[in-house]
$ cat input-v2.txt   # compact mmCIF, C-alpha atoms
# COMPACT_ATOMS: atom_id res chain seq x y z
CA MET A 193 -39.71 32.13 -75.05
CA SER A 194 -37.94 35.33 -74.18
CA ASP A 195 -35.17 35.17 -76.76
CA SER A 196 -34.35 38.07 -79.07
CA PRO A 197 -36.81 38.54 -81.96
CA THR A 198 -33.87 38.73 -84.38
CA ARG A 199 -32.57 35.24 -83.56
CA PRO A 200 -33.32 32.35 -85.91
CA SER A 201 -34.64 30.35 -82.94
CA SER A 202 -37.23 33.07 -82.29
CA LEU A 203 -38.38 33.01 -85.91
CA ILE A 204 -38.57 29.20 -85.84
CA ASN A 205 -40.66 29.35 -82.66
CA THR A 206 -43.05 31.68 -84.47
CA VAL A 207 -43.29 29.39 -87.51
CA TYR A 208 -44.15 26.43 -85.28
CA GLY A 209 -46.53 28.42 -83.11
CA ALA A 210 -48.41 30.27 -85.84
CA PHE A 211 -48.55 27.61 -88.55
CA LEU A 212 -47.14 24.16 -87.86
CA ARG A 213 -49.32 23.46 -84.82
CA ARG A 214 -52.29 23.79 -87.18
CA LEU A 215 -50.62 21.50 -89.72
CA GLY A 216 -49.79 18.56 -87.49
CA GLY A 217 -46.80 20.00 -85.61
CA TRP A 218 -44.09 18.46 -87.85
CA ILE A 219 -41.97 19.80 -90.71
CA SER A 220 -39.08 18.39 -92.69
CA ILE A 221 -35.76 20.11 -92.14
CA ALA A 222 -35.56 20.77 -95.89
CA ASP A 223 -38.88 22.62 -95.93
CA LEU A 224 -38.00 24.55 -92.79
CA ILE A 225 -34.72 25.66 -94.41
CA THR A 226 -36.70 26.79 -97.48
CA LEU A 227 -39.11 28.85 -95.38
CA MET A 228 -36.35 30.36 -93.27
CA SER A 229 -34.35 31.32 -96.35
CA GLU A 230 -37.26 33.60 -97.24
CA LEU A 231 -36.59 35.34 -93.92
CA ASP A 232 -32.88 35.75 -94.78
CA VAL A 233 -31.75 32.96 -92.45
CA ASP A 234 -29.22 30.58 -94.01
CA SER A 235 -29.26 26.81 -93.63
CA GLN A 236 -26.38 26.65 -91.14
CA ALA A 237 -28.13 29.14 -88.86
CA VAL A 238 -31.32 27.08 -89.09
CA ARG A 239 -29.50 23.88 -88.14
CA SER A 240 -27.76 25.59 -85.21
CA ALA A 241 -31.07 27.01 -83.98
CA ILE A 242 -32.76 23.61 -84.30
CA SER A 243 -29.98 22.07 -82.24
CA ARG A 244 -30.51 24.64 -79.47
CA LEU A 245 -34.28 24.19 -79.51
CA LYS A 246 -33.83 20.41 -79.33
CA LYS A 247 -31.56 20.76 -76.28
CA LYS A 248 -34.18 23.00 -74.62
CA GLY A 249 -36.85 20.35 -75.19
CA VAL A 250 -38.85 22.51 -77.60
CA LEU A 251 -38.40 20.26 -80.64
CA GLU A 252 -38.05 16.51 -81.11
CA PRO A 253 -36.52 14.77 -84.14
CA GLU A 254 -38.94 12.62 -86.10
CA ARG A 255 -38.59 10.99 -89.50
CA GLN A 256 -41.68 10.76 -91.66
CA SER A 257 -41.28 11.01 -95.41
CA ALA A 258 -38.04 12.88 -94.66
CA THR A 259 -35.93 13.93 -91.69
CA GLY A 260 -37.76 16.56 -89.65
CA TYR A 261 -38.74 17.92 -86.27
CA ARG A 262 -41.94 17.93 -84.25
CA LEU A 263 -42.97 20.36 -81.54
CA SER A 264 -42.48 18.58 -78.22
CA PRO A 265 -45.73 17.76 -76.40
CA ALA A 266 -44.18 19.22 -73.24
CA VAL A 267 -44.24 22.74 -74.69
CA HIS A 268 -47.79 22.66 -76.06
CA PRO A 269 -49.12 24.35 -72.87
CA VAL A 270 -46.54 27.13 -73.32
CA PHE A 271 -47.71 27.81 -76.86
CA ASP A 272 -51.36 27.61 -75.80
CA GLU A 273 -50.67 30.20 -73.11
CA GLY A 274 -48.96 32.32 -75.75
CA ASP A 275 -52.09 32.21 -77.91
CA ARG A 276 -54.16 33.51 -75.02
CA ARG A 277 -51.76 36.36 -74.34
CA ILE A 278 -51.04 37.31 -77.96
CA PHE A 279 -54.40 36.80 -79.66
CA GLY A 280 -56.80 36.92 -76.73
CA SER A 281 -58.55 39.95 -75.35
CA LEU A 282 -56.47 43.09 -75.67
CA GLU A 283 -58.81 45.02 -73.42
CA PRO A 284 -57.35 46.42 -70.18
CA ALA A 285 -58.10 44.54 -66.98
CA ASP A 286 -61.04 45.59 -64.83
CA LEU A 287 -59.96 47.20 -61.56
CA ALA A 288 -62.88 45.52 -59.80
CA ASP A 289 -61.40 42.10 -60.61
CA GLY A 290 -58.59 42.66 -58.13
CA TRP A 291 -55.00 41.49 -58.16
CA ALA A 292 -52.81 38.41 -58.22
CA MET A 293 -50.03 38.65 -55.64
CA ALA A 294 -46.96 36.40 -55.55
CA VAL A 295 -44.83 36.35 -52.41
CA PHE A 296 -41.66 34.29 -52.34
CA SER A 297 -38.70 33.61 -50.10
CA VAL A 298 -35.79 31.55 -51.45
CA PRO A 299 -32.97 30.22 -49.23
CA GLU A 300 -29.56 31.67 -50.02
CA THR A 301 -28.31 28.18 -50.89
CA GLU A 302 -30.88 28.07 -53.72
CA ARG A 303 -30.62 31.64 -54.92
CA SER A 304 -30.64 30.57 -58.58
CA TYR A 305 -34.36 29.95 -58.08
CA ARG A 306 -34.74 33.55 -56.94
CA TYR A 307 -33.41 34.74 -60.28
CA GLN A 308 -35.73 32.37 -62.14
CA LEU A 309 -38.72 33.62 -60.17
CA ARG A 310 -37.92 37.27 -60.82
CA THR A 311 -37.34 36.62 -64.51
CA ARG A 312 -40.47 34.53 -65.01
CA LEU A 313 -42.77 36.81 -63.05
CA THR A 314 -41.47 39.83 -64.98
CA TRP A 315 -42.02 37.97 -68.24
CA LEU A 316 -45.55 37.13 -67.19
CA GLY A 317 -46.28 40.82 -66.56
CA PHE A 318 -45.92 41.06 -62.78
CA GLY A 319 -44.64 44.28 -61.23
CA ASN A 320 -42.27 44.34 -58.28
CA MET A 321 -43.81 46.01 -55.21
CA ALA A 322 -41.06 45.16 -52.72
CA PRO A 323 -38.35 42.48 -52.32
CA GLY A 324 -40.08 39.15 -52.86
CA VAL A 325 -43.52 40.72 -53.43
CA TRP A 326 -44.95 40.85 -56.96
CA LEU A 327 -48.31 42.02 -58.29
CA ALA A 328 -50.37 41.61 -61.47
CA PRO A 329 -54.00 42.03 -62.52
CA GLY A 330 -56.16 39.22 -61.13
CA ARG A 331 -56.80 37.67 -64.54
CA LEU A 332 -53.15 36.53 -64.62
CA LEU A 333 -53.55 34.35 -61.53
CA ASP A 334 -54.22 31.10 -63.43
CA ASP A 335 -51.35 31.68 -65.87
CA ALA A 336 -49.02 32.37 -62.94
CA ARG A 337 -50.12 29.19 -61.15
CA ASP A 338 -49.64 27.08 -64.28
CA MET A 339 -46.24 28.59 -65.04
CA LEU A 340 -44.89 28.12 -61.50
CA GLN A 341 -46.05 24.51 -61.39
CA ARG A 342 -44.69 23.76 -64.86
CA LEU A 343 -41.24 25.10 -63.96
CA GLY A 344 -41.09 23.44 -60.55
CA LEU A 345 -41.03 26.77 -58.70
CA SER A 346 -44.31 26.49 -56.79
CA ASP A 347 -42.67 25.34 -53.55
CA TYR A 348 -41.09 28.77 -53.15
CA VAL A 349 -44.15 30.94 -53.78
CA HIS A 350 -47.41 31.89 -52.11
CA LEU A 351 -50.07 33.10 -54.56
CA PHE A 352 -52.91 35.31 -53.38
CA ALA A 353 -56.04 36.79 -54.92
CA ALA A 354 -55.94 40.29 -53.45
CA ASP A 355 -57.78 43.63 -53.32
CA TYR A 356 -56.19 47.02 -52.84
CA ALA A 357 -57.68 48.66 -49.74
CA ALA A 358 -55.57 51.77 -48.88
CA PHE A 359 -53.55 54.11 -48.49
CA SER A 360 -51.84 55.66 -51.50
CA ASP A 361 -52.91 57.07 -54.85
CA LEU A 362 -52.87 53.77 -56.73
CA ARG A 363 -52.41 55.37 -60.16
CA ALA A 364 -49.28 57.18 -58.99
CA THR A 365 -47.95 54.14 -57.15
CA VAL A 366 -48.20 51.57 -59.96
CA GLY A 367 -45.67 53.61 -61.92
CA THR A 368 -43.06 52.55 -59.38
CA TRP A 369 -43.97 48.86 -59.76
CA TRP A 370 -43.82 48.69 -63.57
CA ASP A 371 -41.37 50.36 -65.93
CA PHE A 372 -43.84 52.29 -68.06
CA PRO A 373 -41.18 54.26 -70.03
CA ALA A 374 -39.46 51.03 -71.11
CA LEU A 375 -42.77 49.51 -72.24
CA GLU A 376 -43.76 52.66 -74.09
CA ALA A 377 -40.39 52.70 -75.87
CA GLN A 378 -40.99 49.15 -77.14
CA TYR A 379 -44.52 49.95 -78.25
CA ALA A 380 -43.28 53.09 -80.04
CA ALA A 381 -40.55 51.11 -81.81
CA PHE A 382 -43.11 48.54 -82.98
CA THR A 383 -45.50 51.21 -84.25
CA ASP A 384 -42.72 53.11 -86.02
CA ALA A 385 -41.57 49.92 -87.74
CA TYR A 386 -44.92 48.46 -88.75
CA ALA A 387 -47.51 51.24 -89.09
CA PRO A 388 -46.11 52.15 -92.55
CA VAL A 389 -46.23 48.45 -93.52
CA ALA A 390 -49.87 48.21 -92.44
CA GLU A 391 -50.76 51.34 -94.37
CA HIS A 392 -49.00 50.11 -97.50
CA LEU A 393 -50.50 46.62 -97.41
CA SER A 394 -54.01 47.89 -96.72
CA ARG A 395 -53.96 49.61 -100.11
CA GLN A 396 -53.13 46.41 -102.02
CA ASP A 397 -55.96 44.56 -103.74
CA ALA A 398 -54.19 41.20 -103.60
CA LEU A 399 -51.26 40.04 -101.51
CA ASP A 400 -48.83 37.35 -102.62
CA PRO A 401 -48.73 34.60 -99.94
CA ALA A 402 -44.91 34.52 -99.96
CA GLU A 403 -44.81 38.28 -99.41
CA ALA A 404 -47.34 37.95 -96.60
CA PHE A 405 -45.18 35.29 -94.92
CA GLY A 406 -42.10 37.50 -95.21
CA HIS A 407 -43.89 40.33 -93.39
CA TYR A 408 -45.91 38.30 -90.90
CA VAL A 409 -43.29 36.11 -89.22
CA PRO A 410 -40.86 38.92 -88.25
CA MET A 411 -43.77 41.13 -87.19
CA LEU A 412 -45.38 38.46 -85.00
CA THR A 413 -41.99 37.48 -83.57
CA ARG A 414 -41.39 41.06 -82.50
CA TRP A 415 -44.91 41.59 -81.19
CA ARG A 416 -45.30 38.42 -79.12
CA ARG A 417 -42.90 39.66 -76.44
CA LEU A 418 -45.02 42.70 -75.63
CA PRO A 419 -48.26 41.10 -74.36
CA TYR A 420 -46.14 39.30 -71.77
CA LEU A 421 -44.23 42.34 -70.53
CA ASP A 422 -47.40 44.44 -70.47
CA PRO A 423 -49.74 43.20 -67.71
CA GLY A 424 -52.79 44.88 -69.23
CA LEU A 425 -53.39 47.16 -66.25
CA PRO A 426 -56.82 48.77 -65.78
CA ALA A 427 -57.21 51.82 -68.01
CA GLU A 428 -57.68 54.19 -65.07
CA LEU A 429 -54.17 53.33 -63.80
CA LEU A 430 -52.34 53.91 -67.08
CA PRO A 431 -50.67 57.09 -68.33
CA ALA A 432 -53.09 59.31 -70.22
CA ASP A 433 -51.11 59.00 -73.46
CA TRP A 434 -50.51 55.24 -73.18
CA ASN A 435 -49.21 54.29 -76.64
CA ALA A 436 -49.99 50.58 -76.41
CA VAL A 437 -53.42 51.30 -77.93
CA ALA A 438 -51.94 52.47 -81.23
CA ALA A 439 -49.43 49.62 -81.32
CA ARG A 440 -52.13 47.02 -80.71
CA GLN A 441 -54.21 48.43 -83.54
CA VAL A 442 -51.24 48.09 -85.90
CA PHE A 443 -50.74 44.50 -84.78
CA GLN A 444 -54.42 43.63 -85.22
CA ASP A 445 -54.52 45.21 -88.68
CA LEU A 446 -51.45 43.30 -89.85
CA HIS A 447 -52.62 40.03 -88.32
CA HIS A 448 -55.93 40.40 -90.15
CA ILE A 449 -54.18 41.07 -93.47
CA LEU A 450 -51.29 38.61 -93.24
CA ALA A 451 -52.16 35.54 -91.15
CA GLU A 452 -54.23 33.51 -93.60
CA PRO A 453 -52.15 34.12 -96.76
CA SER A 454 -49.04 33.29 -94.71
CA LEU A 455 -50.58 29.98 -93.68
CA ARG A 456 -51.39 29.22 -97.32
CA HIS A 457 -47.77 29.87 -98.22
CA VAL A 458 -46.53 27.45 -95.56
CA GLN A 459 -48.96 24.83 -96.91
CA ASP A 460 -47.75 25.46 -100.47
CA VAL A 461 -44.11 24.96 -99.44
CA THR A 462 -44.63 21.94 -97.18
CA GLY A 463 -47.65 20.18 -98.68
CA LEU A 464 -49.04 19.87 -95.14
CA ALA A 465 -52.77 20.04 -94.48
CA PRO A 466 -54.64 21.46 -91.47
CA GLN A 467 -55.35 18.92 -88.77
CA ALA A 468 -58.74 18.39 -87.12
CA SER A 469 -58.80 19.96 -83.69
$ encode --input "input-v2.txt" --output "structure tokens"
Amino acid sequence: MSDSPTRPSSLINTVYGAFLRRLGGWISIADLITLMSELDVDSQAVRSAISRLKKKGVLEPERQSATGYRLSPAVHPVFDEGDRRIFGSLEPADLADGWAMAVFSVPETERSYRYQLRTRLTWLGFGNMAPGVWLAPGRLLDDARDMLQRLGLSDYVHLFAADYAAFSDLRATVGTWWDFPALEAQYAAFTDAYAPVAEHLSRQDALDPAEAFGHYVPMLTRWRRLPYLDPGLPAELLPADWNAVAARQVFQDLHHILAEPSLRHVQDVTGLAPQAS
């Protein structure tokens, strides 16, 4: 789910992930168009995005009381993984927990898989140590294994649980494996965009559910890319002025303020009820 946060398909992914999974996983196309219109997405753009998501296997058509779409069972693990990355522990990894190392070699005749591996490992938060050698904090080992198996890429990769033994200054070296300036630029852009929103909303006594929905979906859509690109490196390896801390606080504040009233708004529009887990 690495599409642009401004695309209708990204916003629809967020609506399904944040709300509809809790409400049975299905929505009528009419209600989805109503919700998306509140995010300034017109009906034709919604239908085009739905068509693309259907082709990707994300959504399946299903008629209940009206024509609608259900989240495909095949992508439930992807959304579950997203929950862990987006809403799970935001604490840095522990250096003592070691590393996950992925080593791959792809025949030239199948080089498209090489591109997929690079893209997916980057999206999962791995840094590139050398050609075909990728590294991430050890707590990402299970997610990497699941992702590689799910995408049919496991035949090309060796996964290791590793420890760093010697010989360089590890804090200086990790800066060559991850693009810290690019990550910091994205965190700064998020904070600049949403810290004023958090400050404004925190002063309101009551928040209209429709207003909450209008803030929450674009914010969450923009944020959910960052916990994937950021591997959550141990604090002692990060730059001293690492600005992810401030950005995460803004996200947590807005999630606390907006998530529940946004869900109520989706229920008001759709008439759907939470499902027993």
$ closest_atom_pairs --input "input-v2.txt" --of "region 404-459 of chain A" --to "region 323-346 of chain A" --cutoff "9 Å" --atoms "only C-alpha atoms" --output "tab-separated table"
residue	atom	partner	partner_atom	distance
A:Pro423	CA	A:Ala328	CA	6.5
A:Gly424	CA	A:Pro329	CA	7.4
A:Leu425	CA	A:Pro329	CA	6.4
A:Pro426	CA	A:Pro329	CA	8.0
$ closest_residue --input "input-v2.txt" --among "A:Val238, A:Ala398, A:Ala364, A:Ile221" --to "Gly260 (chain A)" --atoms "only C-alpha atoms"
A:Ile221
$ axis_aligned_box --input "input-v2.txt" --around "region 291-303 of chain A" --padding-each-side "3 Å" --output "JSON"
{"center_x": -41.7, "center_y": 34.8, "center_z": -53.7, "size_x": 32.7, "size_y": 19.4, "size_z": 15.0}
$ closest_residue --input "input-v2.txt" --among "A:Val270, A:Ile278, A:Ala292, A:Ile219" --to "Thr413 (chain A)" --atoms "all atoms listed in the file"
A:Ile278
$ residues_around --input "input-v2.txt" --residues "Leu215 (chain A)" --least-positions-apart "4" --cutoff "6 Å" --atoms "all atoms listed in the file" --output "PyMOL selection string"
chain A and resi 464-467
